[in-house]
Amino acid sequence: MPNQTNEPVDEDDYIDIDDTGPEGLKGADGGYAWEEEYKRSWDVIQEDASGSIQSSIMGINDQRKRKRRLRDTAVIRRGIIRHVVLVVDQSENMAARDILPSRIQASLTLLEHFVGEFFDQNPISQLMVVGTKDRLAEKLTDLSGNPMDHIGSLRDKTNRDLAGEPSLQNALELGMHALKRAPTHGSREILCMFGSLTTCDPGDIEQTLEALKAAEVRVSMVHLAAEVHVFKRICTATGGTFAVVVDDDNMKDALFENIPPPPIVNDKATSDMIQMGFSIKANGFDVPTPCVCHHKLSFTGFVCPRCKSKVCSLPTDCDVCGLPLVSAPHLARSYHHLFPEENYKEANADALPVDVSGCFGCGAAWSTVGGSSNIGGIAGSAVSAVQSTAEAVGHSGGSGRFQCPRCRHEFCLECDIFVHETLHNCPGCV
């Protein structure tokens, strides 16, 4: 732009990029601009004095475990009865081998573990599996509380055939249609496992987004490739989460984050009394009788207290009268989401009592070596290498002893994770 004033201009105000040289392209940290977001991930793996990288791997695994143990334990309103539609991408993009052995095989294997863990922590919830390929969406299983039906569908070899492009709109419409019949006292969720960067839809997906918000359906997605704007915007607008997979461990963490029930933020959610039947297991059949769920002959089963029909397993809904059939342990396991166990606090190495010889949970002895705990009989040199590696990647090893804030008993890291992810009750408090 020409100088419109007659004031003289100093020659120093002119900057010629060619005259600055390579040094003028460097940022504040001394690196070039195109290198600022580049991370040398291979520098994290370091060899110890003996030339082994085992200590570095142990240090990285220890970091991941410490990250998993820090969970939100706030007592908030959550729905323990969930209705979830699981959408699986079956397009040609899932044949890529950036995740071994392939995207589809790794996804289906991980989804099998997800279904088992989902019903273990949400026993009175229901799940439905939907596949999308060739610009269509297909219902693989009905909305039910039997995990074996869903796992069997994921193991079916015909569901591993990939073709065409996926259709997110058709999958959302199919899932939303199934969730409209769900009762208002339960949450409505759609969880997508996608690997395609495109979606071939028959109509305007904006109308589908408005319908999802009107039906109060929460959409979450785990993507195996990259962040797609329309996918993330649907998840954000409906109150869900969107995650991009980095590696195999991150893929499992991102998927399993959807196992705990989400908080209820809708003021329209009702709190009605629900009728449930506590079925009694019957073993005294002289002849095999058919069940009403699969129409298979068997000598054992659970009898509905209302219509006296027989079902194979619990929890489920009676196909004759529609009564939800559960057992007392199922209800007890559902309540740990409402009252989660408090996070243990890492004890200071200097303030640790000397009379405690080992972990209260597993009984493994420990000894403090350079500020790091010797858990399970690890050699002192290996522990020191773990600590040095952890400090190299920006994390201190700590004492390795975690204390319950109520009973003051101390646990190792493995027991800490086991208590909060599996037991959901402190052994010292009970």
# chains A, B, ... in the order shown; residues from 1 in each chain; ligands from 1
$ residues_around --residues "Val287 (chain A)" --least-positions-apart "6" --cutoff "12 Å" --atoms "only C-alpha atoms" --output "ChimeraX atom specification"
/A:297-300
$ select_by_dssp --residues "region 266-358 of chain A" --states "helix (DSSP H, G or I)" --output "PDB file with N, CA, C and O atoms, in the first residue's frame"
ATOM      1  N   ALA A 328     -31.578 -59.264  42.003  1.00  0.00           N
ATOM      2  CA  ALA A 328     -31.105 -58.279  42.986  1.00  0.00           C
ATOM      3  C   ALA A 328     -29.656 -57.864  42.735  1.00  0.00           C
ATOM      4  O   ALA A 328     -29.326 -56.674  42.846  1.00  0.00           O
ATOM      5  N   PRO A 329     -28.733 -58.791  42.387  1.00  0.00           N
ATOM      6  CA  PRO A 329     -27.360 -58.336  42.098  1.00  0.00           C
ATOM      7  C   PRO A 329     -27.271 -57.379  40.914  1.00  0.00           C
ATOM      8  O   PRO A 329     -26.400 -56.518  40.882  1.00  0.00           O
ATOM      9  N   HIS A 330     -28.172 -57.508  39.947  1.00  0.00           N
ATOM     10  CA  HIS A 330     -28.151 -56.592  38.813  1.00  0.00           C
ATOM     11  C   HIS A 330     -28.447 -55.166  39.251  1.00  0.00           C
ATOM     12  O   HIS A 330     -27.777 -54.215  38.825  1.00  0.00           O
ATOM     13  N   LEU A 331     -29.427 -54.991  40.099  1.00  0.00           N
ATOM     14  CA  LEU A 331     -29.738 -53.653  40.595  1.00  0.00           C
ATOM     15  C   LEU A 331     -28.614 -53.107  41.466  1.00  0.00           C
ATOM     16  O   LEU A 331     -28.294 -51.916  41.414  1.00  0.00           O
ATOM     17  N   ALA A 332     -27.997 -53.985  42.259  1.00  0.00           N
ATOM     18  CA  ALA A 332     -26.912 -53.530  43.128  1.00  0.00           C
ATOM     19  C   ALA A 332     -25.716 -53.062  42.308  1.00  0.00           C
ATOM     20  O   ALA A 332     -25.056 -52.073  42.650  1.00  0.00           O
ATOM     21  N   ARG A 333     -25.405 -53.756  41.195  1.00  0.00           N
ATOM     22  CA  ARG A 333     -24.277 -53.358  40.360  1.00  0.00           C
ATOM     23  C   ARG A 333     -24.555 -52.070  39.601  1.00  0.00           C
ATOM     24  O   ARG A 333     -23.625 -51.402  39.168  1.00  0.00           O
ATOM     25  N   SER A 334     -25.812 -51.726  39.414  1.00  0.00           N
ATOM     26  CA  SER A 334     -26.138 -50.509  38.677  1.00  0.00           C
ATOM     27  C   SER A 334     -25.967 -49.256  39.519  1.00  0.00           C
ATOM     28  O   SER A 334     -25.798 -48.168  38.972  1.00  0.00           O
ATOM     29  N   TYR A 335     -25.990 -49.391  40.833  1.00  0.00           N
ATOM     30  CA  TYR A 335     -25.964 -48.213  41.689  1.00  0.00           C
ATOM     31  C   TYR A 335     -24.563 -47.667  41.932  1.00  0.00           C
ATOM     32  O   TYR A 335     -24.419 -46.584  42.482  1.00  0.00           O
ATOM     33  N   HIS A 336     -23.516 -48.405  41.540  1.00  0.00           N
ATOM     34  CA  HIS A 336     -22.176 -47.890  41.813  1.00  0.00           C
ATOM     35  C   HIS A 336     -21.847 -46.700  40.926  1.00  0.00           C
ATOM     36  O   HIS A 336     -20.913 -45.950  41.219  1.00  0.00           O
ATOM     37  N   HIS A 337     -22.597 -46.495  39.833  1.00  0.00           N
ATOM     38  CA  HIS A 337     -22.397 -45.302  39.021  1.00  0.00           C
ATOM     39  C   HIS A 337     -22.951 -44.064  39.711  1.00  0.00           C
ATOM     40  O   HIS A 337     -22.448 -42.958  39.509  1.00  0.00           O
ATOM     41  N   ALA A 349       6.018 -39.978  50.109  1.00  0.00           N
ATOM     42  CA  ALA A 349       7.021 -40.983  50.492  1.00  0.00           C
ATOM     43  C   ALA A 349       7.627 -40.685  51.853  1.00  0.00           C
ATOM     44  O   ALA A 349       7.993 -41.603  52.591  1.00  0.00           O
ATOM     45  N   ASP A 350       7.738 -39.412  52.219  1.00  0.00           N
ATOM     46  CA  ASP A 350       8.342 -39.057  53.501  1.00  0.00           C
ATOM     47  C   ASP A 350       7.400 -39.281  54.674  1.00  0.00           C
ATOM     48  O   ASP A 350       7.847 -39.470  55.802  1.00  0.00           O
ATOM     49  N   ALA A 351       6.089 -39.253  54.403  1.00  0.00           N
ATOM     50  CA  ALA A 351       5.119 -39.392  55.487  1.00  0.00           C
ATOM     51  C   ALA A 351       4.537 -40.789  55.590  1.00  0.00           C
ATOM     52  O   ALA A 351       3.561 -41.005  56.293  1.00  0.00           O
TER      53      ALA A 351
END
$ residues_around --residues "Glu227 (chain A)" --least-positions-apart "6" --cutoff "10 Å" --atoms "only C-alpha atoms" --output "ChimeraX atom specification"
/A:197,242-245
$ write_last_selection --atoms "N, CA and C atoms" --output "PDB file, in the first residue's frame"
ATOM      1  N   LEU A 197     -13.975 -41.270   6.067  1.00  0.00           N
ATOM      2  CA  LEU A 197     -13.958 -39.812   6.125  1.00  0.00           C
ATOM      3  C   LEU A 197     -15.130 -39.193   5.388  1.00  0.00           C
ATOM      4  N   PHE A 242     -16.730 -36.912  20.952  1.00  0.00           N
ATOM      5  CA  PHE A 242     -16.082 -37.301  19.704  1.00  0.00           C
ATOM      6  C   PHE A 242     -14.605 -37.518  19.990  1.00  0.00           C
ATOM      7  N   ALA A 243     -14.082 -38.661  19.584  1.00  0.00           N
ATOM      8  CA  ALA A 243     -12.687 -39.008  19.849  1.00  0.00           C
ATOM      9  C   ALA A 243     -12.066 -39.589  18.593  1.00  0.00           C
ATOM     10  N   VAL A 244     -10.796 -39.262  18.372  1.00  0.00           N
ATOM     11  CA  VAL A 244     -10.022 -39.785  17.257  1.00  0.00           C
ATOM     12  C   VAL A 244      -8.972 -40.734  17.821  1.00  0.00           C
ATOM     13  N   VAL A 245      -8.877 -41.924  17.243  1.00  0.00           N
ATOM     14  CA  VAL A 245      -7.985 -42.957  17.742  1.00  0.00           C
ATOM     15  C   VAL A 245      -6.557 -42.643  17.319  1.00  0.00           C
TER      16      VAL A 245
END
$ residues_around --residues "Val419 (chain A)" --least-positions-apart "4" --cutoff "12 Å" --atoms "only C-alpha atoms" --output "list in words"
Arg69, His336, Pro340, Glu341, Glu342, Asn343, Tyr344, Phe360, Gly361, Cys362, Phe402, Cys404, Phe411, Cys412, Leu413, Glu414, Cys415, Leu423, His424, Asn425, Cys426, Pro427, Gly428 and Cys429 of chain A
$ write_last_selection --atoms "N, CA, C and O atoms" --output "short mmCIF file (atom, residue, chain, number, x, y, z; two decimals), in the first residue's frame"
data_model
loop_
_atom_site.label_atom_id
_atom_site.label_comp_id
_atom_site.auth_asym_id
_atom_site.auth_seq_id
_atom_site.Cartn_x
_atom_site.Cartn_y
_atom_site.Cartn_z
N ARG A 69 -6.58 -44.01 36.49
CA ARG A 69 -7.11 -44.02 37.85
C ARG A 69 -7.74 -42.69 38.24
O ARG A 69 -8.49 -42.63 39.21
N HIS A 336 -23.52 -48.40 41.54
CA HIS A 336 -22.18 -47.89 41.81
C HIS A 336 -21.85 -46.70 40.93
O HIS A 336 -20.91 -45.95 41.22
N PRO A 340 -20.04 -43.31 43.15
CA PRO A 340 -18.74 -43.90 42.82
C PRO A 340 -17.77 -43.85 43.99
O PRO A 340 -17.89 -43.01 44.90
N GLU A 341 -16.83 -44.77 43.96
CA GLU A 341 -15.78 -44.81 44.98
C GLU A 341 -14.82 -43.63 44.79
O GLU A 341 -14.45 -43.28 43.68
N GLU A 342 -14.46 -43.00 45.89
CA GLU A 342 -13.57 -41.84 45.82
C GLU A 342 -12.19 -42.25 45.32
O GLU A 342 -11.72 -43.36 45.54
N ASN A 343 -11.54 -41.33 44.61
CA ASN A 343 -10.19 -41.57 44.13
C ASN A 343 -9.22 -41.63 45.30
O ASN A 343 -9.31 -40.82 46.24
N TYR A 344 -8.31 -42.59 45.25
CA TYR A 344 -7.29 -42.69 46.28
C TYR A 344 -6.24 -41.59 46.07
O TYR A 344 -5.94 -41.21 44.93
N PHE A 360 -2.55 -53.41 50.99
CA PHE A 360 -3.67 -53.97 51.74
C PHE A 360 -4.52 -54.87 50.86
O PHE A 360 -5.17 -55.79 51.36
N GLY A 361 -4.49 -54.64 49.55
CA GLY A 361 -5.33 -55.42 48.65
C GLY A 361 -4.73 -56.76 48.28
O GLY A 361 -5.30 -57.81 48.56
N CYS A 362 -3.55 -56.74 47.65
CA CYS A 362 -2.93 -57.97 47.18
C CYS A 362 -1.86 -58.51 48.12
O CYS A 362 -1.42 -59.65 47.96
N PHE A 402 -1.07 -45.68 47.27
CA PHE A 402 -2.26 -44.85 47.20
C PHE A 402 -3.15 -45.17 48.40
O PHE A 402 -3.40 -46.33 48.71
N CYS A 404 -6.65 -44.71 50.74
CA CYS A 404 -8.08 -44.42 50.76
C CYS A 404 -8.34 -43.27 51.73
O CYS A 404 -7.85 -43.30 52.87
N PHE A 411 -2.84 -48.93 49.05
CA PHE A 411 -2.96 -49.88 47.96
C PHE A 411 -1.91 -49.56 46.90
O PHE A 411 -1.46 -48.42 46.76
N CYS A 412 -1.53 -50.57 46.14
CA CYS A 412 -0.64 -50.36 45.01
C CYS A 412 -1.46 -49.85 43.82
O CYS A 412 -2.69 -49.79 43.87
N LEU A 413 -0.76 -49.52 42.75
CA LEU A 413 -1.44 -48.95 41.59
C LEU A 413 -2.38 -49.95 40.93
O LEU A 413 -3.49 -49.59 40.52
N GLU A 414 -1.96 -51.21 40.84
CA GLU A 414 -2.81 -52.22 40.22
C GLU A 414 -4.10 -52.43 41.02
O GLU A 414 -5.18 -52.54 40.45
N CYS A 415 -3.98 -52.48 42.33
CA CYS A 415 -5.17 -52.66 43.17
C CYS A 415 -6.06 -51.42 43.13
O CYS A 415 -7.30 -51.54 43.21
N LEU A 423 -14.29 -53.67 41.29
CA LEU A 423 -15.00 -53.89 42.55
C LEU A 423 -15.99 -52.78 42.87
O LEU A 423 -17.08 -53.03 43.37
N HIS A 424 -15.56 -51.51 42.66
CA HIS A 424 -16.37 -50.33 42.96
C HIS A 424 -16.67 -50.22 44.46
O HIS A 424 -17.60 -49.51 44.85
N ASN A 425 -15.91 -50.90 45.26
CA ASN A 425 -16.03 -50.81 46.73
C ASN A 425 -14.63 -51.00 47.31
O ASN A 425 -13.86 -51.87 46.88
N CYS A 426 -14.29 -50.18 48.29
CA CYS A 426 -13.00 -50.28 48.92
C CYS A 426 -12.96 -51.47 49.86
O CYS A 426 -13.82 -51.60 50.74
N PRO A 427 -12.00 -52.40 49.73
CA PRO A 427 -11.93 -53.55 50.64
C PRO A 427 -11.68 -53.13 52.09
O PRO A 427 -12.12 -53.83 52.99
N GLY A 428 -10.96 -52.04 52.31
CA GLY A 428 -10.70 -51.59 53.68
C GLY A 428 -11.94 -51.00 54.35
O GLY A 428 -12.09 -51.09 55.56
N CYS A 429 -12.82 -50.38 53.55
CA CYS A 429 -14.03 -49.76 54.12
C CYS A 429 -15.14 -50.76 54.39
O CYS A 429 -15.91 -50.58 55.34
#
$ closest_atom_pairs --of "region 150-222 of chain A" --to "region 79-95 of chain A" --cutoff "7 Å" --atoms "only C-alpha atoms" --output "Markdown table"
| residue | atom | partner | partner_atom | distance |
| --- | --- | --- | --- | --- |
| A:Leu162 | CA | A:Ser91 | CA | 5.1 |
| A:Ala163 | CA | A:Ser91 | CA | 5.0 |
| A:Gly164 | CA | A:Ser91 | CA | 5.3 |
| A:Glu165 | CA | A:Ser91 | CA | 5.0 |
| A:Pro166 | CA | A:Ser91 | CA | 5.5 |
| A:Ala171 | CA | A:Val87 | CA | 6.9 |
| A:Gly175 | CA | A:Val85 | CA | 5.9 |
| A:Gly186 | CA | A:Ile81 | CA | 4.9 |
| A:Ser187 | CA | A:Arg82 | CA | 4.8 |
| A:Arg188 | CA | A:His83 | CA | 5.1 |
| A:Glu189 | CA | A:Val84 | CA | 4.7 |
| A:Ile190 | CA | A:Val85 | CA | 4.7 |
| A:Leu191 | CA | A:Leu86 | CA | 5.0 |
| A:Cys192 | CA | A:Val87 | CA | 4.5 |
| A:Met193 | CA | A:Val88 | CA | 5.1 |
| A:Phe194 | CA | A:Asp89 | CA | 5.0 |
| A:Gly195 | CA | A:Met94 | CA | 5.7 |
| A:Ser196 | CA | A:Asn93 | CA | 5.4 |
$ write_last_selection --atoms "N, CA and C atoms" --output "PDB file, in the first residue's frame"
ATOM      1  N   LEU A 162     -17.088 -56.193   3.654  1.00  0.00           N
ATOM      2  CA  LEU A 162     -17.072 -54.746   3.482  1.00  0.00           C
ATOM      3  C   LEU A 162     -17.456 -54.387   2.063  1.00  0.00           C
ATOM      4  N   ALA A 163     -18.196 -53.286   1.919  1.00  0.00           N
ATOM      5  CA  ALA A 163     -18.627 -52.872   0.586  1.00  0.00           C
ATOM      6  C   ALA A 163     -19.032 -51.406   0.611  1.00  0.00           C
ATOM      7  N   GLY A 164     -18.679 -50.673  -0.449  1.00  0.00           N
ATOM      8  CA  GLY A 164     -19.179 -49.324  -0.676  1.00  0.00           C
ATOM      9  C   GLY A 164     -18.799 -48.315   0.386  1.00  0.00           C
ATOM     10  N   GLU A 165     -19.644 -47.316   0.524  1.00  0.00           N
ATOM     11  CA  GLU A 165     -19.472 -46.233   1.484  1.00  0.00           C
ATOM     12  C   GLU A 165     -20.539 -46.306   2.562  1.00  0.00           C
ATOM     13  N   PRO A 166     -20.268 -45.778   3.749  1.00  0.00           N
ATOM     14  CA  PRO A 166     -21.281 -45.792   4.802  1.00  0.00           C
ATOM     15  C   PRO A 166     -22.273 -44.651   4.629  1.00  0.00           C
ATOM     16  N   ALA A 171     -28.015 -44.590   9.255  1.00  0.00           N
ATOM     17  CA  ALA A 171     -27.776 -45.263  10.529  1.00  0.00           C
ATOM     18  C   ALA A 171     -28.411 -44.495  11.681  1.00  0.00           C
ATOM     19  N   GLY A 175     -31.424 -45.868  14.053  1.00  0.00           N
ATOM     20  CA  GLY A 175     -31.280 -45.909  15.500  1.00  0.00           C
ATOM     21  C   GLY A 175     -32.287 -45.034  16.212  1.00  0.00           C
ATOM     22  N   GLY A 186     -35.402 -43.717  30.687  1.00  0.00           N
ATOM     23  CA  GLY A 186     -34.080 -44.207  30.317  1.00  0.00           C
ATOM     24  C   GLY A 186     -33.419 -43.281  29.309  1.00  0.00           C
ATOM     25  N   SER A 187     -32.108 -43.294  29.290  1.00  0.00           N
ATOM     26  CA  SER A 187     -31.371 -42.458  28.346  1.00  0.00           C
ATOM     27  C   SER A 187     -31.373 -43.089  26.964  1.00  0.00           C
ATOM     28  N   ARG A 188     -31.269 -42.242  25.940  1.00  0.00           N
ATOM     29  CA  ARG A 188     -31.248 -42.677  24.551  1.00  0.00           C
ATOM     30  C   ARG A 188     -29.911 -42.247  23.957  1.00  0.00           C
ATOM     31  N   GLU A 189     -29.134 -43.226  23.504  1.00  0.00           N
ATOM     32  CA  GLU A 189     -27.783 -42.947  23.033  1.00  0.00           C
ATOM     33  C   GLU A 189     -27.498 -43.721  21.751  1.00  0.00           C
ATOM     34  N   ILE A 190     -26.649 -43.122  20.912  1.00  0.00           N
ATOM     35  CA  ILE A 190     -26.140 -43.774  19.707  1.00  0.00           C
ATOM     36  C   ILE A 190     -24.621 -43.647  19.743  1.00  0.00           C
ATOM     37  N   LEU A 191     -23.935 -44.773  19.679  1.00  0.00           N
ATOM     38  CA  LEU A 191     -22.474 -44.810  19.704  1.00  0.00           C
ATOM     39  C   LEU A 191     -21.984 -45.357  18.367  1.00  0.00           C
ATOM     40  N   CYS A 192     -21.173 -44.575  17.653  1.00  0.00           N
ATOM     41  CA  CYS A 192     -20.708 -44.932  16.317  1.00  0.00           C
ATOM     42  C   CYS A 192     -19.224 -45.276  16.352  1.00  0.00           C
ATOM     43  N   MET A 193     -18.857 -46.325  15.650  1.00  0.00           N
ATOM     44  CA  MET A 193     -17.459 -46.692  15.409  1.00  0.00           C
ATOM     45  C   MET A 193     -17.217 -46.553  13.915  1.00  0.00           C
ATOM     46  N   PHE A 194     -16.544 -45.449  13.513  1.00  0.00           N
ATOM     47  CA  PHE A 194     -16.411 -45.102  12.107  1.00  0.00           C
ATOM     48  C   PHE A 194     -14.947 -45.074  11.700  1.00  0.00           C
ATOM     49  N   GLY A 195     -14.698 -45.425  10.426  1.00  0.00           N
ATOM     50  CA  GLY A 195     -13.370 -45.334   9.859  1.00  0.00           C
ATOM     51  C   GLY A 195     -13.331 -44.573   8.552  1.00  0.00           C
ATOM     52  N   SER A 196     -14.504 -44.213   8.031  1.00  0.00           N
ATOM     53  CA  SER A 196     -14.587 -43.504   6.766  1.00  0.00           C
ATOM     54  C   SER A 196     -14.592 -42.001   6.995  1.00  0.00           C
TER      55      SER A 196
END
$ closest_residue --among "A:Ser125, A:Ile205, A:Ile234, A:Val219" --to "Val326 (chain A)" --atoms "only C-alpha atoms"
A:Ser125
$ closest_atom_pairs --of "region 74-176 of chain A" --to "region 247-257 of chain A" --cutoff "9 Å" --atoms "only C-alpha atoms" --output "tab-separated table"
residue	atom	partner	partner_atom	distance
A:Ile99	CA	A:Asp248	CA	7.2
A:Leu100	CA	A:Asp248	CA	8.7
A:Ala106	CA	A:Asp248	CA	8.6
A:Ser107	CA	A:Met251	CA	8.9
A:Leu110	CA	A:Lys252	CA	7.1
A:Leu111	CA	A:Leu255	CA	8.4
A:Phe114	CA	A:Phe256	CA	6.7
A:Glu117	CA	A:Phe256	CA	8.5
A:Phe118	CA	A:Phe256	CA	8.5
$ closest_residue --among "A:Pro101, A:Gly116, A:Gly145, A:Pro261" --to "Cys293 (chain A)" --atoms "only C-alpha atoms"
A:Gly145
$ select_by_dssp --residues "region 34-244 of chain A" --states "strand (DSSP E)" --output "PyMOL selection string"
chain A and resi 82-89+126-133+136-139+187-194+218-223+242-244
$ closest_residue --among "A:Leu325, A:Ala282, A:Cys312, A:Ile53" --to "His295 (chain A)" --atoms "only C-alpha atoms"
A:Cys312
$ closest_residue --among "A:Thr132, A:Asn348, A:Gln275, A:Thr184" --to "Asp317 (chain A)" --atoms "only C-alpha atoms"
A:Gln275
$ residues_around --residues "Leu314 (chain A)" --least-positions-apart "4" --cutoff "12 Å" --atoms "only C-alpha atoms" --output "PyMOL selection string"
chain A and resi 119-120+123-126+144-148+276-281+293+301-304+310+318+324-331
$ closest_residue --among "A:Ala237, A:Val246, A:Leu140, A:Val217" --to "Arg155 (chain A)" --atoms "only C-alpha atoms"
A:Leu140
$ closest_residue --among "A:Glu173, A:Gln105, A:Arg401, A:Leu212" --to "Asn159 (chain A)" --atoms "only C-alpha atoms"
A:Gln105
$ atom_distance --atom1 "CA of Lys213 (chain A)" --atom2 "CA of Leu108 (chain A)"
28.7 Å
$ atom_distance --atom1 "CA of Thr236 (chain A)" --atom2 "CA of Thr109 (chain A)"
27.4 Å
$ decode --residues "region 120-137 of chain A" --atoms "N, CA, C and O atoms" --output "CSV table (one decimal), in the first residue's frame"
chain,number,residue,atom,x,y,z
A,120,ASP,N,-21.9,-55.7,32.0
A,120,ASP,CA,-21.4,-56.0,33.4
A,120,ASP,C,-21.6,-54.8,34.3
A,120,ASP,O,-21.9,-55.0,35.5
A,121,GLN,N,-21.4,-53.6,33.7
A,121,GLN,CA,-21.5,-52.4,34.5
A,121,GLN,C,-22.9,-51.7,34.4
A,121,GLN,O,-23.3,-50.9,35.2
A,122,ASN,N,-23.7,-52.1,33.3
A,122,ASN,CA,-25.0,-51.6,33.1
A,122,ASN,C,-26.0,-52.8,32.9
A,122,ASN,O,-26.5,-53.0,31.8
A,123,PRO,N,-26.2,-53.6,33.9
A,123,PRO,CA,-26.9,-54.9,33.7
A,123,PRO,C,-28.4,-54.7,33.3
A,123,PRO,O,-29.0,-55.6,32.7
A,124,ILE,N,-29.0,-53.6,33.6
A,124,ILE,CA,-30.4,-53.4,33.3
A,124,ILE,C,-30.6,-52.5,32.1
A,124,ILE,O,-31.7,-51.9,31.9
A,125,SER,N,-29.6,-52.3,31.3
A,125,SER,CA,-29.7,-51.5,30.1
A,125,SER,C,-29.9,-52.4,28.9
A,125,SER,O,-29.8,-53.6,29.0
A,126,GLN,N,-30.1,-51.8,27.8
A,126,GLN,CA,-30.4,-52.5,26.5
A,126,GLN,C,-29.5,-52.0,25.4
A,126,GLN,O,-29.2,-50.8,25.4
A,127,LEU,N,-29.2,-52.8,24.5
A,127,LEU,CA,-28.3,-52.5,23.4
A,127,LEU,C,-28.8,-53.0,22.1
A,127,LEU,O,-29.5,-54.0,22.0
A,128,MET,N,-28.4,-52.3,21.0
A,128,MET,CA,-28.8,-52.7,19.6
A,128,MET,C,-27.6,-52.4,18.7
A,128,MET,O,-26.9,-51.5,18.9
A,129,VAL,N,-27.4,-53.3,17.8
A,129,VAL,CA,-26.3,-53.2,16.8
A,129,VAL,C,-26.8,-52.9,15.4
A,129,VAL,O,-27.7,-53.6,15.0
A,130,VAL,N,-26.2,-51.9,14.8
A,130,VAL,CA,-26.6,-51.5,13.5
A,130,VAL,C,-25.3,-51.4,12.6
A,130,VAL,O,-24.3,-50.9,13.1
A,131,GLY,N,-25.3,-52.0,11.4
A,131,GLY,CA,-24.2,-51.9,10.5
A,131,GLY,C,-24.6,-51.0,9.3
A,131,GLY,O,-25.7,-51.0,8.8
A,132,THR,N,-23.6,-50.3,8.7
A,132,THR,CA,-23.8,-49.4,7.6
A,132,THR,C,-22.7,-49.7,6.5
A,132,THR,O,-21.5,-49.7,6.8
A,133,LYS,N,-23.2,-50.0,5.3
A,133,LYS,CA,-22.3,-50.1,4.1
A,133,LYS,C,-23.2,-50.0,2.9
A,133,LYS,O,-24.4,-50.1,3.0
A,134,ASP,N,-22.5,-49.8,1.8
A,134,ASP,CA,-23.3,-49.6,0.5
A,134,ASP,C,-24.3,-48.5,0.6
A,134,ASP,O,-25.4,-48.7,0.0
A,135,ARG,N,-24.1,-47.5,1.3
A,135,ARG,CA,-25.0,-46.3,1.5
A,135,ARG,C,-26.3,-46.7,2.1
A,135,ARG,O,-27.3,-46.0,2.0
A,136,LEU,N,-26.3,-47.8,2.9
A,136,LEU,CA,-27.5,-48.3,3.6
A,136,LEU,C,-27.1,-48.6,5.0
A,136,LEU,O,-26.0,-48.7,5.4
A,137,ALA,N,-28.2,-48.8,5.8
A,137,ALA,CA,-28.0,-49.2,7.2
A,137,ALA,C,-28.9,-50.4,7.5
A,137,ALA,O,-30.0,-50.4,7.1
